[in-house]
Amino acid sequence: MIDVVIAGGGPAGSSAAIALAGAGLQALIIDKSPFPRNKACGEYLSAGAVAQLRELGVDRTLAPLAAPLDGIRLSGNGARVELRFSQAGWSLPRLRLDDELLRAALDRGAAFLQARIEDVREEESGSLLTVREPSGETRDLPARFVIGADGAQSIVARKCGLSAAPHGEQRFALGGHYAGLRDLDRFVEMFVEGSSYFAVNPFDAAHANIMVIVREKDLSARKNDVDRFIRERARALSGDSARFAEARLEGKRVAVGPLAHSTRAVTAGNVLLAGDAAGFIDPFTGQGVYLALRAGIAAGRAIVEAVASPSSARRAIEHYGADLSGEMRRRAKLSWIVRSFVGYAALSKRAARNVERDPERAQVLIDAIAGCGPVEPALRLGTLLRLVA
Ligand SMILES: Cc1cc2nc3c(=O)[nH]c(=O)nc-3n(C[C@H](O)[C@H](O)[C@H](O)COP(=O)(O)OP(=O)(O)OC[C@H]3O[C@@H](n4cnc5c(N)ncnc54)[C@H](O)[C@@H]3O)c2cc1C
């Protein structure tokens, strides 16, 4: 029986494996994709995510591959606001991030199996996973603990009865790496229109990751001409026709959706969910990788504690579940607050004016979202009223 099977080798899975392997536990990562593999993502890493990478001991390997980011510019509803990070974020392709994280986990002693997990059943002494290998063969693997880090379509969450019906508008993301852009600097740029938006995350002055988020009903109209859509919306929303006029896709286009996944709990017996598998937050605020790394490390540590002291194993897992659920609730609220500010013209114009005069008014909120400041003060009514007073 394997100590811990980790479903998924993304940031949540690899960070859990690093935490487990560091404590001498046997961890097997199972992923359906061969690595390096790509992942639809804006590829912005908040300062909080960078701090987690430092904690995992991989920041020095990754820093030379990343472009530093000083802040974010939001445009939409006739308002434009520039917000500075108090600590730099990174722009870093997921192909590189996820591969280096997995490599670090394997270097520390974790093992990797390329296979699709098809079933997870609870057994008396742990769980039994059915996996299908690329050859088509299936086999059963018993595990004492399972970490479901298998993303927003998590089979572990579904098979363990942890999924809940997703709520809210169904939206999809389209995008990829673009060249031929002009005058990009060290700011992420977000262009918002209702519940649709697109994000430009620069790698250098001419290259960026561009992600367009659209409602389901707009998807088919956009799908065949994403490049033109991006150029048109960029021009309309930024009022600048030149910067995006020659944007052209480099490499493969990514498409993903619907962007929704909810859970009713994040643990069941000896199964712990982490990352997107535990619940999905609107990518608008770029908190996903931070949350995935944080949850992965915490899941690994909870299992280390449970193995070291079997009499308090249940408590360690329950504590993990309560802490992660609380953190996700608070971060979903932050995301909702920002979307509300940006979504209502009157609020966004007022907030933009206030922040221009006194950038400090927004700093508590920016730092909380970036994972480098406390969340509670950012959720206080007084903090939010100061933005629109
Ligand atoms: C459009 C978009 C833009 C985003 N932009 C940002 C951003 O700029 N910054 C940010 O911080 N976050 C962003 N996010 C969120 C971020 O991408 C996720 O939060 C993050 O990838 C979660 O990591 P994870 O390890 O939980 O899951 P993933 O990275 O999704 O990894 C899950 C892994 O599980 C594997 N898997 C799935 N099912 C199975 C199975 N049955 N068997 C075996 N393996 C399986 C997959 O192959 C995959 O490798 C964005 C998300 C979207 C959709």
# chains A, B, ... in the order shown; residues from 1 in each chain; ligands from 1
>>> closest_atom_pairs(of="chain A", to="ligand 1", cutoff="6 Å", atoms="only C-alpha atoms and all ligand atoms", output="CSV")
residue,atom,partner,partner_atom_place_in_ligand_line,distance
A:Ala7,CA,ligand 1,44 (N),5.6
A:Gly8,CA,ligand 1,34 (O),3.3
A:Gly9,CA,ligand 1,49 (O),4.9
A:Gly10,CA,ligand 1,25 (O),3.5
A:Pro11,CA,ligand 1,25 (O),4.0
A:Ala12,CA,ligand 1,25 (O),3.8
A:Gly13,CA,ligand 1,25 (O),5.6
A:Ile30,CA,ligand 1,43 (C),5.5
A:Asp31,CA,ligand 1,44 (N),3.5
A:Lys32,CA,ligand 1,43 (C),4.0
A:Ser33,CA,ligand 1,47 (O),4.9
A:Ala40,CA,ligand 1,1 (C),5.5
A:Cys41,CA,ligand 1,3 (C),3.6
A:Gly42,CA,ligand 1,8 (O),3.3
A:Glu43,CA,ligand 1,8 (O),4.2
A:Tyr44,CA,ligand 1,8 (O),3.9
A:Leu45,CA,ligand 1,11 (O),5.2
A:Ala115,CA,ligand 1,43 (C),5.9
A:Arg116,CA,ligand 1,42 (N),3.7
A:Ile117,CA,ligand 1,42 (N),3.8
A:Glu118,CA,ligand 1,41 (N),5.9
A:Ala149,CA,ligand 1,26 (O),5.2
A:Asp150,CA,ligand 1,34 (O),3.4
A:Gly151,CA,ligand 1,27 (O),3.8
A:Ser154,CA,ligand 1,38 (N),5.7
A:Ile155,CA,ligand 1,41 (N),5.4
A:Ala173,CA,ligand 1,1 (C),4.7
A:Gly275,CA,ligand 1,26 (O),3.3
A:Asp276,CA,ligand 1,26 (O),4.0
A:Ala277,CA,ligand 1,26 (O),5.8
A:Pro283,CA,ligand 1,50 (C),4.7
A:Gly286,CA,ligand 1,9 (N),3.8
A:Gln287,CA,ligand 1,11 (O),4.5
A:Gly288,CA,ligand 1,19 (O),3.1
A:Val289,CA,ligand 1,11 (O),3.7
A:Tyr290,CA,ligand 1,11 (O),5.7
A:Ala292,CA,ligand 1,26 (O),5.0
>>> residues_around(residues="Ala164 in chain A", least_positions_apart="6", cutoff="7 Å", atoms="only C-alpha atoms", output="list in words")
Ser262, Thr263 and Arg264 of chain A
>>> closest_residue(among="A:Ala260, A:Ala208, A:Ala265, A:Leu184", to="Leu162 in chain A", atoms="only C-alpha atoms")
A:Ala265
>>> atom_distance(atom1="CA of Gly279 in chain A", atom2="CA of Gly296 in chain A")
13.4 Å
>>> residues_around(residues="Asp367 in chain A", least_positions_apart="2", cutoff="10 Å", atoms="only C-alpha atoms", output="JSON, numbers by chain")
{"A": [46, 47, 48, 84, 85, 86, 87, 362, 363, 364, 365, 369, 370, 371, 372, 373, 374, 375, 378]}
>>> write_last_selection(atoms="N, CA, C and O atoms", output="PDB file, in the first residue's frame")
ATOM      1  N   SER A  46       1.019  35.815  -8.215  1.00  0.00           N
ATOM      2  CA  SER A  46       0.989  36.880  -7.218  1.00  0.00           C
ATOM      3  C   SER A  46       2.231  36.787  -6.324  1.00  0.00           C
ATOM      4  O   SER A  46       2.913  35.743  -6.293  1.00  0.00           O
ATOM      5  N   ALA A  47       2.479  37.869  -5.566  1.00  0.00           N
ATOM      6  CA  ALA A  47       3.615  37.858  -4.632  1.00  0.00           C
ATOM      7  C   ALA A  47       3.454  36.720  -3.622  1.00  0.00           C
ATOM      8  O   ALA A  47       4.431  36.103  -3.200  1.00  0.00           O
ATOM      9  N   GLY A  48       2.206  36.430  -3.257  1.00  0.00           N
ATOM     10  CA  GLY A  48       1.952  35.335  -2.314  1.00  0.00           C
ATOM     11  C   GLY A  48       2.341  33.990  -2.918  1.00  0.00           C
ATOM     12  O   GLY A  48       2.895  33.118  -2.238  1.00  0.00           O
ATOM     13  N   ARG A  84      -0.510  49.514  -7.837  1.00  0.00           N
ATOM     14  CA  ARG A  84       0.856  48.973  -7.698  1.00  0.00           C
ATOM     15  C   ARG A  84       0.881  47.870  -6.649  1.00  0.00           C
ATOM     16  O   ARG A  84       0.236  47.983  -5.608  1.00  0.00           O
ATOM     17  N   PHE A  85       1.631  46.816  -6.946  1.00  0.00           N
ATOM     18  CA  PHE A  85       1.818  45.762  -5.944  1.00  0.00           C
ATOM     19  C   PHE A  85       2.842  46.261  -4.929  1.00  0.00           C
ATOM     20  O   PHE A  85       3.810  46.929  -5.308  1.00  0.00           O
ATOM     21  N   SER A  86       2.676  45.906  -3.655  1.00  0.00           N
ATOM     22  CA  SER A  86       3.720  46.307  -2.708  1.00  0.00           C
ATOM     23  C   SER A  86       4.897  45.330  -2.784  1.00  0.00           C
ATOM     24  O   SER A  86       6.002  45.647  -2.363  1.00  0.00           O
ATOM     25  N   GLN A  87       4.653  44.119  -3.317  1.00  0.00           N
ATOM     26  CA  GLN A  87       5.756  43.193  -3.617  1.00  0.00           C
ATOM     27  C   GLN A  87       5.539  42.674  -5.034  1.00  0.00           C
ATOM     28  O   GLN A  87       4.387  42.403  -5.409  1.00  0.00           O
ATOM     29  N   ALA A 362      -6.309  51.619  -1.626  1.00  0.00           N
ATOM     30  CA  ALA A 362      -6.556  50.298  -2.210  1.00  0.00           C
ATOM     31  C   ALA A 362      -5.537  49.255  -1.761  1.00  0.00           C
ATOM     32  O   ALA A 362      -5.709  48.066  -2.022  1.00  0.00           O
ATOM     33  N   GLN A 363      -4.464  49.727  -1.047  1.00  0.00           N
ATOM     34  CA  GLN A 363      -3.344  48.815  -0.805  1.00  0.00           C
ATOM     35  C   GLN A 363      -3.717  47.580   0.024  1.00  0.00           C
ATOM     36  O   GLN A 363      -3.258  46.474  -0.251  1.00  0.00           O
ATOM     37  N   VAL A 364      -4.581  47.778   1.024  1.00  0.00           N
ATOM     38  CA  VAL A 364      -4.963  46.641   1.884  1.00  0.00           C
ATOM     39  C   VAL A 364      -5.624  45.562   1.032  1.00  0.00           C
ATOM     40  O   VAL A 364      -5.344  44.362   1.170  1.00  0.00           O
ATOM     41  N   LEU A 365      -6.492  46.010   0.122  1.00  0.00           N
ATOM     42  CA  LEU A 365      -7.206  45.063  -0.747  1.00  0.00           C
ATOM     43  C   LEU A 365      -6.249  44.384  -1.727  1.00  0.00           C
ATOM     44  O   LEU A 365      -6.278  43.154  -1.908  1.00  0.00           O
ATOM     45  N   ILE A 369      -5.380  40.332  -1.803  1.00  0.00           N
ATOM     46  CA  ILE A 369      -5.614  39.519  -3.007  1.00  0.00           C
ATOM     47  C   ILE A 369      -4.321  38.869  -3.470  1.00  0.00           C
ATOM     48  O   ILE A 369      -4.311  37.707  -3.880  1.00  0.00           O
ATOM     49  N   ALA A 370      -3.218  39.616  -3.365  1.00  0.00           N
ATOM     50  CA  ALA A 370      -1.931  39.086  -3.830  1.00  0.00           C
ATOM     51  C   ALA A 370      -1.350  38.064  -2.852  1.00  0.00           C
ATOM     52  O   ALA A 370      -0.314  37.465  -3.126  1.00  0.00           O
ATOM     53  N   GLY A 371      -2.003  37.863  -1.726  1.00  0.00           N
ATOM     54  CA  GLY A 371      -1.524  36.863  -0.761  1.00  0.00           C
ATOM     55  C   GLY A 371      -0.308  37.330   0.012  1.00  0.00           C
ATOM     56  O   GLY A 371       0.425  36.516   0.567  1.00  0.00           O
ATOM     57  N   CYS A 372      -0.085  38.670   0.062  1.00  0.00           N
ATOM     58  CA  CYS A 372       1.048  39.156   0.862  1.00  0.00           C
ATOM     59  C   CYS A 372       0.583  40.118   1.945  1.00  0.00           C
ATOM     60  O   CYS A 372       1.364  40.908   2.460  1.00  0.00           O
ATOM     61  N   GLY A 373      -0.704  40.073   2.261  1.00  0.00           N
ATOM     62  CA  GLY A 373      -1.235  40.892   3.343  1.00  0.00           C
ATOM     63  C   GLY A 373      -2.443  40.171   3.922  1.00  0.00           C
ATOM     64  O   GLY A 373      -3.015  39.299   3.262  1.00  0.00           O
ATOM     65  N   PRO A 374      -2.866  40.531   5.154  1.00  0.00           N
ATOM     66  CA  PRO A 374      -3.990  39.821   5.766  1.00  0.00           C
ATOM     67  C   PRO A 374      -5.305  40.073   5.026  1.00  0.00           C
ATOM     68  O   PRO A 374      -5.506  41.147   4.465  1.00  0.00           O
ATOM     69  N   VAL A 375      -6.188  39.064   5.034  1.00  0.00           N
ATOM     70  CA  VAL A 375      -7.447  39.170   4.286  1.00  0.00           C
ATOM     71  C   VAL A 375      -8.516  39.896   5.098  1.00  0.00           C
ATOM     72  O   VAL A 375      -9.270  40.706   4.555  1.00  0.00           O
ATOM     73  N   ALA A 378      -9.092  43.607   4.755  1.00  0.00           N
ATOM     74  CA  ALA A 378      -9.553  43.962   3.401  1.00  0.00           C
ATOM     75  C   ALA A 378     -11.047  43.740   3.253  1.00  0.00           C
ATOM     76  O   ALA A 378     -11.701  44.361   2.421  1.00  0.00           O
TER      77      ALA A 378
END
>>> closest_residue(among="A:Glu193, A:Glu123, A:Glu250, A:Asp183", to="Ala236 in chain A", atoms="only C-alpha atoms")
A:Glu193
>>> closest_residue(among="A:Arg144, A:Arg243, A:His167, A:Arg121", to="Leu181 in chain A", atoms="only C-alpha atoms")
A:Arg243
>>> closest_residue(among="A:Ala308, A:Ala23, A:Ala274, A:Ala352", to="Ala157 in chain A", atoms="only C-alpha atoms")
A:Ala274
